[in-house]
$ cat structure-v1.txt   # compact mmCIF, C-alpha atoms
# COMPACT_ATOMS: atom_id res chain seq x y z
CA MET A 1 -34.63 -7.08 -34.70
CA THR A 2 -31.66 -7.25 -32.40
CA SER A 3 -30.74 -10.29 -30.41
CA ARG A 4 -29.29 -9.39 -27.04
CA GLN A 5 -27.42 -11.62 -24.67
CA ILE A 6 -28.44 -10.86 -21.14
CA ARG A 7 -25.82 -11.31 -18.47
CA VAL A 8 -27.08 -12.17 -15.02
CA TYR A 9 -25.26 -10.92 -11.95
CA LYS A 10 -26.32 -12.44 -8.69
CA ASP A 11 -26.42 -10.41 -5.51
CA LEU A 12 -24.55 -12.78 -3.24
CA MET A 13 -26.01 -11.41 -0.02
CA GLY A 14 -29.49 -11.76 -1.54
CA GLU A 15 -28.73 -15.36 -2.47
CA ASN A 16 -27.53 -15.97 1.08
CA GLU A 17 -30.70 -14.44 2.49
CA LYS A 18 -32.83 -16.76 0.36
CA TRP A 19 -31.15 -19.79 1.91
CA ALA A 20 -31.43 -18.28 5.41
CA VAL A 21 -35.20 -18.08 4.89
CA GLU A 22 -35.22 -21.75 3.81
CA ILE A 23 -33.35 -22.65 6.98
CA ARG A 24 -35.75 -20.74 9.21
CA GLY A 25 -38.65 -22.61 7.60
CA LEU A 26 -36.98 -25.98 8.07
CA LEU A 27 -36.13 -25.30 11.71
CA ALA A 28 -39.64 -24.02 12.52
CA ASP A 29 -41.15 -27.05 10.82
CA LYS A 30 -39.04 -29.39 12.92
CA SER A 31 -39.21 -27.33 16.15
CA VAL A 32 -35.43 -27.24 16.31
CA ALA A 33 -33.49 -24.22 17.60
CA MET A 34 -30.21 -23.15 16.03
CA PHE A 35 -27.41 -21.11 17.61
CA ASN A 36 -24.52 -19.54 15.71
CA LEU A 37 -21.29 -19.50 17.81
CA ILE A 38 -18.92 -16.75 16.70
CA GLY A 39 -15.50 -15.92 18.15
CA SER A 40 -11.81 -15.51 17.31
CA PRO A 41 -9.64 -18.48 16.39
CA GLY A 42 -8.85 -20.36 19.58
CA SER A 43 -11.40 -18.53 21.72
CA GLY A 44 -12.80 -21.81 23.05
CA LYS A 45 -15.91 -22.37 20.92
CA THR A 46 -15.32 -26.11 20.54
CA ALA A 47 -14.56 -26.44 24.26
CA LEU A 48 -17.98 -24.92 25.05
CA LEU A 49 -19.60 -27.63 22.93
CA GLU A 50 -17.48 -30.34 24.56
CA SER A 51 -18.71 -29.11 27.94
CA LEU A 52 -22.32 -29.38 26.80
CA ALA A 53 -21.67 -32.94 25.65
CA GLN A 54 -20.16 -33.86 29.00
CA SER A 55 -22.32 -32.11 31.55
CA GLU A 56 -25.78 -31.83 30.11
CA ALA A 57 -26.19 -34.97 28.03
CA GLY A 58 -29.85 -35.87 28.04
CA ALA A 59 -31.23 -32.44 28.96
CA PHE A 60 -31.52 -31.56 25.29
CA ARG A 61 -30.50 -33.39 22.16
CA PHE A 62 -28.08 -31.52 19.97
CA ALA A 63 -25.94 -31.74 16.87
CA VAL A 64 -23.07 -29.54 15.69
CA LEU A 65 -22.09 -28.12 12.32
CA GLU A 66 -18.37 -27.32 12.58
CA GLY A 67 -17.19 -24.47 10.32
CA ASP A 68 -13.52 -24.19 9.39
CA VAL A 69 -11.41 -22.96 6.50
CA GLU A 70 -9.52 -26.26 6.53
CA THR A 71 -9.13 -29.53 8.54
CA THR A 72 -11.65 -31.70 10.39
CA HIS A 73 -9.89 -31.30 13.77
CA ASP A 74 -12.84 -29.78 15.61
CA ALA A 75 -15.37 -32.29 14.28
CA GLU A 76 -13.04 -35.09 15.42
CA ARG A 77 -12.88 -33.57 18.91
CA LEU A 78 -16.67 -33.62 19.20
CA ASP A 79 -16.99 -37.04 17.62
CA ARG A 80 -14.91 -38.38 20.50
CA HIS A 81 -17.74 -37.21 22.79
CA ASN A 82 -20.30 -39.04 20.60
CA VAL A 83 -21.79 -35.75 19.43
CA ILE A 84 -23.60 -35.84 16.06
CA VAL A 85 -21.30 -33.58 14.05
CA SER A 86 -20.62 -32.59 10.44
CA GLN A 87 -17.67 -30.56 9.22
CA LEU A 88 -18.36 -27.57 6.97
CA LEU A 89 -15.30 -26.40 5.06
CA SER A 90 -15.62 -22.80 3.89
CA GLY A 91 -13.20 -23.27 1.00
CA GLY A 92 -10.98 -20.39 2.05
CA ALA A 93 -13.84 -18.09 3.01
CA CYS A 94 -13.82 -16.28 6.34
CA HIS A 95 -17.41 -17.18 7.29
CA LEU A 96 -20.13 -19.74 6.64
CA GLU A 97 -22.90 -19.04 4.16
CA ALA A 98 -26.50 -20.16 4.52
CA LYS A 99 -26.51 -22.42 1.44
CA LEU A 100 -23.85 -24.74 2.86
CA VAL A 101 -25.49 -24.72 6.30
CA HIS A 102 -28.83 -25.63 4.71
CA HIS A 103 -27.31 -28.55 2.81
CA ALA A 104 -25.71 -29.90 5.97
CA LEU A 105 -28.86 -29.34 8.07
CA ARG A 106 -30.97 -31.41 5.67
CA ASP A 107 -28.73 -34.39 6.32
CA LEU A 108 -29.11 -34.19 10.12
CA PRO A 109 -31.74 -36.28 11.95
CA LEU A 110 -33.75 -33.15 12.83
CA ASP A 111 -36.72 -35.12 14.17
CA GLU A 112 -34.48 -36.41 16.93
CA LEU A 113 -32.92 -33.06 17.86
CA ASP A 114 -33.79 -30.06 20.00
CA VAL A 115 -30.96 -27.78 18.91
CA VAL A 116 -28.22 -27.43 16.33
CA PHE A 117 -25.06 -25.46 17.11
CA VAL A 118 -23.16 -23.93 14.24
CA GLU A 119 -19.55 -23.21 15.15
CA ASN A 120 -18.63 -20.54 12.65
CA VAL A 121 -15.15 -19.90 11.19
CA GLY A 122 -12.89 -18.27 13.81
CA ASN A 123 -13.33 -14.56 13.06
CA LEU A 124 -14.99 -11.61 14.83
CA VAL A 125 -15.97 -9.74 11.67
CA CYS A 126 -17.48 -11.55 8.68
CA PRO A 127 -19.50 -14.31 10.39
CA ALA A 128 -21.54 -11.58 12.11
CA GLU A 129 -22.53 -10.13 8.72
CA PHE A 130 -24.01 -13.29 7.23
CA ASP A 131 -27.46 -14.44 8.36
CA ILE A 132 -27.53 -18.23 8.38
CA GLY A 133 -31.11 -18.48 9.66
CA GLU A 134 -30.06 -18.95 13.29
CA ASN A 135 -32.30 -18.13 16.26
CA ALA A 136 -29.43 -16.44 18.06
CA LYS A 137 -25.81 -15.48 17.64
CA VAL A 138 -23.59 -16.25 20.64
CA ALA A 139 -20.37 -14.23 20.94
CA VAL A 140 -17.40 -16.11 22.40
CA LEU A 141 -14.54 -13.97 23.73
CA SER A 142 -11.45 -15.25 25.51
CA VAL A 143 -10.10 -13.13 28.37
CA THR A 144 -6.67 -13.46 26.73
CA GLU A 145 -7.87 -11.22 23.87
CA GLY A 146 -8.07 -7.99 25.84
CA GLU A 147 -10.96 -5.95 27.22
CA ASP A 148 -11.76 -3.76 24.23
CA LYS A 149 -12.77 -6.28 21.54
CA PRO A 150 -16.52 -5.58 21.91
CA VAL A 151 -16.04 -1.98 20.74
CA LYS A 152 -13.38 -2.86 18.15
CA TYR A 153 -15.69 -5.46 16.57
CA PRO A 154 -19.07 -3.99 17.50
CA LEU A 155 -21.43 -5.71 15.03
CA LEU A 156 -21.10 -9.17 16.59
CA PHE A 157 -21.42 -7.93 20.16
CA THR A 158 -24.41 -5.74 19.26
CA GLU A 159 -26.24 -8.66 17.66
CA ALA A 160 -25.32 -11.37 20.18
CA LYS A 161 -28.03 -12.80 22.43
CA ALA A 162 -25.33 -13.99 24.86
CA VAL A 163 -21.63 -13.24 25.37
CA VAL A 164 -19.50 -16.06 26.78
CA LEU A 165 -16.22 -14.89 28.38
CA THR A 166 -13.93 -17.92 28.23
CA LYS A 167 -10.65 -19.04 29.86
CA THR A 168 -11.37 -17.28 33.17
CA ASP A 169 -8.90 -19.70 34.84
CA LEU A 170 -6.14 -17.61 33.25
CA LEU A 171 -7.28 -14.34 34.88
CA PRO A 172 -4.70 -14.49 37.74
CA HIS A 173 -1.95 -14.53 35.08
CA LEU A 174 -3.29 -11.70 32.91
CA ARG A 175 -3.64 -7.96 33.13
CA PHE A 176 -7.31 -8.16 32.21
CA ASN A 177 -9.96 -6.06 33.91
CA ILE A 178 -13.18 -8.04 33.64
CA ASP A 179 -15.37 -5.12 34.77
CA GLU A 180 -13.85 -2.94 32.04
CA CYS A 181 -14.61 -5.65 29.47
CA VAL A 182 -18.22 -5.96 30.64
CA SER A 183 -18.53 -2.18 30.47
CA TYR A 184 -17.34 -2.28 26.82
CA ILE A 185 -19.94 -4.98 26.12
CA ARG A 186 -22.61 -2.78 27.75
CA GLN A 187 -21.64 0.12 25.45
CA VAL A 188 -22.86 -1.84 22.42
CA ASN A 189 -25.45 -4.17 24.00
CA ALA A 190 -26.99 -2.98 27.26
CA ASP A 191 -28.86 -6.08 28.38
CA VAL A 192 -27.02 -9.08 26.93
CA PRO A 193 -26.21 -11.82 29.46
CA VAL A 194 -22.45 -12.20 30.03
CA LEU A 195 -21.44 -15.73 31.06
CA LYS A 196 -17.96 -16.22 32.58
CA VAL A 197 -16.63 -19.73 32.07
CA SER A 198 -13.52 -21.89 32.20
CA SER A 199 -13.41 -25.18 30.34
CA GLN A 200 -10.32 -26.12 32.39
CA THR A 201 -11.88 -25.81 35.84
CA GLY A 202 -15.51 -26.16 34.73
CA GLU A 203 -16.35 -22.89 36.49
CA GLY A 204 -19.45 -21.23 35.06
CA MET A 205 -20.27 -24.09 32.74
CA ASP A 206 -23.50 -24.76 34.65
CA ARG A 207 -24.69 -21.24 33.82
CA TRP A 208 -23.72 -21.70 30.13
CA CYS A 209 -25.60 -25.02 29.97
CA GLY A 210 -28.53 -23.42 31.79
CA TRP A 211 -28.65 -20.51 29.33
CA VAL A 212 -28.67 -22.96 26.41
CA GLY A 213 -31.38 -25.07 28.03
CA GLN A 214 -33.64 -22.06 28.57
CA ALA A 215 -32.98 -20.68 25.09
CA VAL A 216 -33.76 -24.06 23.50
CA LYS A 217 -37.03 -24.25 25.44
CA ALA A 218 -38.00 -20.72 24.42
CA ARG A 219 -37.17 -21.23 20.73
CA SER A 220 -38.26 -24.73 19.95
CA GLY A 221 -41.40 -24.66 22.07
CA ARG A 222 -40.58 -28.05 23.53
CA MET B 1 -28.06 2.67 -35.31
CA THR B 2 -28.53 1.49 -31.78
CA SER B 3 -27.27 3.33 -28.74
CA ARG B 4 -26.11 0.96 -26.05
CA GLN B 5 -25.41 1.74 -22.46
CA ILE B 6 -22.31 -0.06 -21.35
CA ARG B 7 -22.17 -1.14 -17.75
CA VAL B 8 -18.75 -1.33 -16.19
CA TYR B 9 -18.03 -3.92 -13.51
CA LYS B 10 -14.79 -3.48 -11.70
CA ASP B 11 -12.80 -6.46 -10.54
CA LEU B 12 -12.18 -5.40 -6.96
CA MET B 13 -9.14 -7.58 -6.46
CA GLY B 14 -7.69 -6.09 -9.66
CA GLU B 15 -8.34 -2.60 -8.30
CA ASN B 16 -6.59 -3.58 -5.07
CA GLU B 17 -3.63 -4.97 -7.01
CA LYS B 18 -3.27 -1.69 -8.89
CA TRP B 19 -2.87 0.19 -5.61
CA ALA B 20 -0.47 -2.48 -4.30
CA VAL B 21 1.74 -1.81 -7.31
CA GLU B 22 1.62 1.93 -6.55
CA ILE B 23 2.70 1.20 -2.98
CA ARG B 24 5.60 -0.99 -4.06
CA GLY B 25 6.80 1.82 -6.35
CA LEU B 26 6.53 4.42 -3.59
CA LEU B 27 8.38 2.24 -1.06
CA ALA B 28 11.16 1.36 -3.52
CA ASP B 29 11.53 5.02 -4.44
CA LYS B 30 11.94 5.99 -0.79
CA SER B 31 13.96 2.88 0.23
CA VAL B 32 11.44 2.10 2.93
CA ALA B 33 10.49 -1.47 3.90
CA MET B 34 6.92 -2.39 4.82
CA PHE B 35 5.75 -5.32 6.96
CA ASN B 36 2.14 -6.50 7.24
CA LEU B 37 1.36 -7.89 10.73
CA ILE B 38 -1.52 -10.36 10.64
CA GLY B 39 -3.03 -12.26 13.58
CA SER B 40 -6.25 -12.93 15.49
CA PRO B 41 -7.90 -10.25 17.63
CA GLY B 42 -5.88 -9.91 20.83
CA SER B 43 -2.93 -11.98 19.61
CA GLY B 44 -0.48 -9.28 20.69
CA LYS B 45 0.29 -7.41 17.47
CA THR B 46 0.25 -3.98 19.11
CA ALA B 47 2.38 -5.25 22.01
CA LEU B 48 5.05 -6.35 19.50
CA LEU B 49 5.16 -2.81 18.14
CA GLU B 50 5.27 -1.34 21.64
CA SER B 51 8.29 -3.56 22.33
CA LEU B 52 10.04 -2.27 19.24
CA ALA B 53 9.38 1.29 20.37
CA GLN B 54 10.85 0.60 23.80
CA SER B 55 13.85 -1.61 23.14
CA GLU B 56 15.20 -0.70 19.75
CA ALA B 57 14.55 3.02 19.45
CA GLY B 58 17.23 4.44 17.21
CA ALA B 59 18.25 1.21 15.47
CA PHE B 60 15.72 1.85 12.75
CA ARG B 61 13.16 4.55 12.27
CA PHE B 62 9.62 3.30 11.93
CA ALA B 63 6.00 4.34 11.66
CA VAL B 64 2.82 2.33 12.10
CA LEU B 65 -0.46 2.18 10.22
CA GLU B 66 -3.00 0.71 12.64
CA GLY B 67 -5.88 -1.19 11.03
CA ASP B 68 -9.13 -1.69 12.92
CA VAL B 69 -12.82 -2.06 12.19
CA GLU B 70 -13.54 0.59 14.81
CA THR B 71 -11.86 2.71 17.53
CA THR B 72 -8.45 4.39 17.74
CA HIS B 73 -7.38 2.42 20.85
CA ASP B 74 -4.30 0.82 19.29
CA ALA B 75 -3.05 4.04 17.71
CA GLU B 76 -3.40 5.74 21.10
CA ARG B 77 -1.32 2.99 22.74
CA LEU B 78 1.52 3.55 20.28
CA ASP B 79 1.20 7.33 20.44
CA ARG B 80 2.00 7.06 24.15
CA HIS B 81 5.38 5.61 23.08
CA ASN B 82 5.93 8.55 20.69
CA VAL B 83 5.58 6.28 17.66
CA ILE B 84 4.51 7.98 14.41
CA VAL B 85 1.12 6.32 13.93
CA SER B 86 -2.04 6.69 11.85
CA GLN B 87 -5.29 4.84 12.40
CA LEU B 88 -6.89 3.12 9.39
CA LEU B 89 -10.55 2.29 9.93
CA SER B 90 -11.74 -0.47 7.63
CA GLY B 91 -15.37 0.66 7.75
CA GLY B 92 -16.66 -2.74 8.83
CA ALA B 93 -14.39 -4.71 6.50
CA CYS B 94 -12.39 -7.64 7.83
CA HIS B 95 -9.08 -6.58 6.22
CA LEU B 96 -7.21 -3.54 4.93
CA GLU B 97 -7.12 -2.77 1.21
CA ALA B 98 -4.20 -1.27 -0.64
CA LYS B 99 -5.95 1.96 -1.62
CA LEU B 100 -6.44 3.07 1.98
CA VAL B 101 -2.89 2.01 2.89
CA HIS B 102 -1.53 4.02 -0.05
CA HIS B 103 -3.42 7.14 1.02
CA ALA B 104 -2.10 6.86 4.57
CA LEU B 105 1.47 6.07 3.40
CA ARG B 106 1.61 9.23 1.29
CA ASP B 107 1.00 11.31 4.39
CA LEU B 108 3.89 9.72 6.34
CA PRO B 109 7.37 11.36 6.40
CA LEU B 110 8.82 8.51 4.31
CA ASP B 111 12.16 10.28 3.79
CA GLU B 112 12.77 10.02 7.52
CA LEU B 113 11.76 6.36 7.87
CA ASP B 114 13.35 2.92 7.39
CA VAL B 115 10.24 0.82 7.83
CA VAL B 116 6.48 1.03 8.06
CA PHE B 117 4.50 -1.59 9.98
CA VAL B 118 0.91 -2.18 8.99
CA GLU B 119 -1.09 -3.79 11.78
CA ASN B 120 -3.92 -5.40 9.89
CA VAL B 121 -7.46 -6.01 11.20
CA GLY B 122 -7.47 -8.89 13.72
CA ASN B 123 -8.33 -11.89 11.52
CA LEU B 124 -6.43 -14.95 10.28
CA VAL B 125 -8.28 -15.27 6.97
CA CYS B 126 -9.01 -12.21 4.82
CA PRO B 127 -5.95 -10.02 5.50
CA ALA B 128 -3.78 -12.81 4.05
CA GLU B 129 -5.71 -12.65 0.77
CA PHE B 130 -5.18 -8.96 0.05
CA ASP B 131 -1.82 -7.77 -1.21
CA ILE B 132 -1.10 -4.32 0.21
CA GLY B 133 2.29 -3.98 -1.43
CA GLU B 134 4.21 -5.16 1.65
CA ASN B 135 7.70 -6.67 1.56
CA ALA B 136 6.68 -9.40 3.98
CA LYS B 137 3.69 -10.70 5.90
CA VAL B 138 4.38 -11.54 9.55
CA ALA B 139 2.01 -14.03 11.20
CA VAL B 140 1.30 -13.40 14.89
CA LEU B 141 -0.13 -16.34 16.85
CA SER B 142 -0.80 -16.40 20.58
CA VAL B 143 -0.11 -19.66 22.42
CA THR B 144 -3.58 -19.31 23.95
CA GLU B 145 -5.12 -20.02 20.53
CA GLY B 146 -4.12 -23.69 20.31
CA GLU B 147 -1.51 -25.58 18.32
CA ASP B 148 -3.41 -26.26 15.12
CA LYS B 149 -4.18 -22.78 13.78
CA PRO B 150 -1.42 -22.91 11.12
CA VAL B 151 -3.19 -25.80 9.35
CA LYS B 152 -6.70 -24.46 9.99
CA TYR B 153 -5.76 -21.10 8.45
CA PRO B 154 -3.01 -22.21 6.05
CA LEU B 155 -2.81 -19.29 3.61
CA LEU B 156 -1.37 -16.81 6.12
CA PHE B 157 1.15 -19.26 7.54
CA THR B 158 2.22 -20.39 4.07
CA GLU B 159 2.86 -16.81 2.95
CA ALA B 160 4.43 -15.49 6.16
CA LYS B 161 8.13 -14.60 6.18
CA ALA B 162 8.17 -14.94 9.97
CA VAL B 163 5.83 -16.42 12.59
CA VAL B 164 5.79 -14.80 16.03
CA LEU B 165 4.44 -17.01 18.82
CA THR B 166 3.28 -14.62 21.51
CA LYS B 167 2.31 -14.78 25.23
CA THR B 168 4.83 -17.55 26.01
CA ASP B 169 4.71 -16.43 29.68
CA LEU B 170 1.31 -18.18 29.84
CA LEU B 171 2.70 -21.58 28.76
CA PRO B 172 2.93 -22.99 32.32
CA HIS B 173 -0.83 -22.39 32.68
CA LEU B 174 -1.90 -23.87 29.33
CA ARG B 175 -2.13 -27.29 27.78
CA PHE B 176 -0.19 -26.11 24.73
CA ASN B 177 2.49 -28.23 23.09
CA ILE B 178 4.87 -25.78 21.44
CA ASP B 179 6.69 -28.51 19.45
CA GLU B 180 3.38 -29.69 18.03
CA CYS B 181 2.55 -26.11 17.01
CA VAL B 182 5.93 -25.67 15.30
CA SER B 183 5.37 -28.97 13.52
CA TYR B 184 2.01 -27.66 12.20
CA ILE B 185 3.79 -24.51 11.01
CA ARG B 186 6.41 -26.67 9.25
CA GLN B 187 3.63 -28.57 7.43
CA VAL B 188 2.69 -25.42 5.53
CA ASN B 189 5.99 -23.48 5.57
CA ALA B 190 9.14 -25.56 5.99
CA ASP B 191 11.74 -22.85 6.58
CA VAL B 192 9.95 -19.88 8.15
CA PRO B 193 11.61 -18.52 11.29
CA VAL B 194 9.49 -19.03 14.42
CA LEU B 195 10.09 -16.42 17.11
CA LYS B 196 8.83 -17.15 20.63
CA VAL B 197 8.13 -14.01 22.63
CA SER B 198 6.44 -12.63 25.72
CA SER B 199 5.62 -8.96 25.96
CA GLN B 200 5.06 -9.41 29.71
CA THR B 201 8.52 -10.77 30.58
CA GLY B 202 10.32 -9.42 27.50
CA GLU B 203 11.58 -12.92 26.70
CA GLY B 204 12.46 -13.35 23.03
CA MET B 205 11.88 -9.71 22.18
CA ASP B 206 15.58 -9.28 21.33
CA ARG B 207 15.22 -11.94 18.61
CA TRP B 208 12.06 -10.27 17.26
CA CYS B 209 13.80 -6.89 17.15
CA GLY B 210 16.82 -8.56 15.56
CA TRP B 211 14.71 -10.19 12.87
CA VAL B 212 13.09 -6.85 12.06
CA GLY B 213 16.47 -5.10 11.94
CA GLN B 214 17.89 -7.65 9.51
CA ALA B 215 14.78 -7.67 7.35
CA VAL B 216 14.78 -3.87 7.17
CA LYS B 217 18.42 -3.88 6.13
CA ALA B 218 17.80 -6.55 3.47
CA ARG B 219 14.72 -4.82 2.03
CA SER B 220 15.52 -1.15 2.13
CA GLY B 221 19.17 -1.52 1.17
CA ARG B 222 20.20 0.90 3.92

$ encode --input "structure-v1.txt" --output "structure tokens"
Amino acid sequence: MTSRQIRVYKDLMGENEKWAVEIRGLLADKSVAMFNLIGSPGSGKTALLESLAQSEAGAFRFAVLEGDVETTHDAERLDRHNVIVSQLLSGGACHLEAKLVHHALRDLPLDELDVVFVENVGNLVCPAEFDIGENAKVAVLSVTEGEDKPVKYPLLFTEAKAVVLTKTDLLPHLRFNIDECVSYIRQVNADVPVLKVSSQTGEGMDRWCGWVGQAVKARSGR
Amino acid sequence: MTSRQIRVYKDLMGENEKWAVEIRGLLADKSVAMFNLIGSPGSGKTALLESLAQSEAGAFRFAVLEGDVETTHDAERLDRHNVIVSQLLSGGACHLEAKLVHHALRDLPLDELDVVFVENVGNLVCPAEFDIGENAKVAVLSVTEGEDKPVKYPLLFTEAKAVVLTKTDLLPHLRFNIDECVSYIRQVNADVPVLKVSSQTGEGMDRWCGWVGQAVKARSGR
């Protein structure tokens, strides 16, 4: 008789998917929607959440899970607006995985919430590849990044349920053709809503808040 | 007697390192320097290379390996400046690996070059983790991205031999404190040169070209 030692190799994506399923169950159980905000470093993801805290307080109750490689800067920004926020440190990784999101979600007061926003690590590639059990991915693209990012990083823009074009106040100072950018978005995602906003002037923030409000209603059934 | 099937699991980072060693040998043999440009999507990496093509033609002979998830847009931009350029498509990956860089390097006319620039995939995280046999990593950060990126994405800024702060022409329209940003850079890399440039006005491009010229001289021994 031979005794054999069996080595176990885990499929990491499979492991991630298992936790994503757990998250979907938890969110459905609590009638809470979850949106996964994905964009480059400095594209204005935190500013979008600050705007929600300022202009739509009361319309829906939300919390934020802030993903970063390092620091708690973004969580501190939102805490100043009295947003319920936890910081998720990826430990060097370029995206958030479902296991960590699940652990943080469990500690939120889900019974008192309508929606949870996950601000993913600043990156247009990897966060789009990892399902974290969200109802929708939202792509955040700053007009300072150039028109062609939707076709250079197509997975995110194909999967997004909304594209937010940020920093439109800078348009007069840039050589950026917004119609060309929208046309690139349309190449990979024909019907996705494109919301043009500026957190400096507040322009377009009503449409962003309106989109969130409608999406929350549709997802959570409240 | 038992017959056992032996499964082989490759350590991918080890495989990458093997190719990085090959690249270092090839570059040393040809006395060619190689710089790895790393920055967010739309941070102005290609514009830095366009500036080199325009203002310093003749001072050193260079080629570019353009890394992207998809499209050949950036290679086409440089081709219009008569730069020797190849496009490296990462196939969905968020960084370039040494094997692909080695394959592309072999096809360049290295005997006629002083330096090769690799423009990595737009991302502040993963490209910093993968050694591609370069002499130096150069971090490219746009002032539109906010002051704190060096501490939020510390690996790149710790390893960089130069930090290029781009789009300084937009400073009058931003709430961006450049001293605070430099102080964040200093927290992770005390002595790294910080070069402030604008590809729109050309400001600072002489210092960028000068840094490259000196670094090429120091590395290639020419």

$ residues_around --input "structure-v1.txt" --residues "Asn189 in chain A" --least-positions-apart "6" --cutoff "12 Å" --atoms "all atoms listed in the file" --output "list in words"
Ala139, Pro150, Val151, Pro154, Leu155, Leu156, Phe157, Thr158, Glu159, Ala160, Lys161, Ala162, Val163, Val182 and Ser183 of chain A

$ atom_distance --input "structure-v1.txt" --atom1 "CA of Asn16 in chain A" --atom2 "CA of Ala98 in chain A"
5.5 Å

$ closest_residue --input "structure-v1.txt" --among "A:Trp211, A:Phe176, A:Tyr153, A:Tyr184" --to "chain B" --atoms "only C-alpha atoms"
A:Tyr153

$ atom_distance --input "structure-v1.txt" --atom1 "CA of Lys196 in chain A" --atom2 "CA of Thr168 in chain A"
6.7 Å

$ closest_residue --input "structure-v1.txt" --among "A:Asp169, A:Glu15, A:Glu97, A:Glu112" --to "Glu134 in chain A" --atoms "all atoms listed in the file"
A:Glu97

$ interface_residues --input "structure-v1.txt" --of "chain A" --to "chain B" --cutoff "6 Å" --atoms "only C-alpha atoms" --output "MDAnalysis selection string"
chainID A and resid 42 70:71 94 123 125 145:146 152

$ atom_distance --input "structure-v1.txt" --atom1 "CA of Val118 in chain A" --atom2 "CA of Ala63 in chain A"
8.7 Å

$ residues_around --input "structure-v1.txt" --residues "Ala215 in chain A" --least-positions-apart "2" --cutoff "10 Å" --atoms "all atoms listed in the file" --output "list in words"
Ala33, Met34, Phe35, Val115, Asn135, Ala136, Lys161, Cys209, Gly210, Trp211, Val212, Gly213, Lys217, Ala218, Arg219, Ser220 and Gly221 of chain A

$ closest_residue --input "structure-v1.txt" --among "A:Leu165, A:Arg186, A:Gly202, A:Asp111" --to "Ala28 in chain A" --atoms "all atoms listed in the file"
A:Asp111

$ residues_around --input "structure-v1.txt" --residues "Gly67 in chain B" --least-positions-apart "5" --cutoff "6 Å" --atoms "only C-alpha atoms" --output "PyMOL selection string"
chain B and resi 88-89+119-121

$ closest_residue --input "structure-v1.txt" --among "B:Pro172, B:Gly133, B:Pro193, B:Pro127" --to "Leu26 in chain B" --atoms "only C-alpha atoms"
B:Gly133

$ axis_aligned_box --input "structure-v1.txt" --around "range 138-155 of chain A" --padding-each-side "3 Å" --output "lines of an AutoDock Vina configuration file"
center_x = -15.1
center_y = -9.1
center_z = 21.7
size_x = 22.9
size_y = 20.3
size_z = 19.3

$ closest_residue --input "structure-v1.txt" --among "A:Ala190, A:Leu108, A:Leu48, A:Ile185" --to "Thr166 in chain A" --atoms "only C-alpha atoms"
A:Leu48

$ closest_residue --input "structure-v1.txt" --among "B:Gln5, B:His102, B:Ser31, B:Gln54" --to "Ile132 in chain B" --atoms "all atoms listed in the file"
B:His102

$ residues_around --input "structure-v1.txt" --residues "Leu49 in chain B" --least-positions-apart "4" --cutoff "8 Å" --atoms "all atoms listed in the file" --output "PyMOL selection string"
chain B and resi 45+53+78

$ residues_around --input "structure-v1.txt" --residues "Lys99 in chain A" --least-positions-apart "5" --cutoff "10 Å" --atoms "all atoms listed in the file" --output "list of chain:residue names"
A:Glu15, A:Asn16, A:Glu17, A:Lys18, A:Trp19, A:Ala20, A:Glu22, A:Ile23, A:Ala104, A:Leu105, A:Ile132
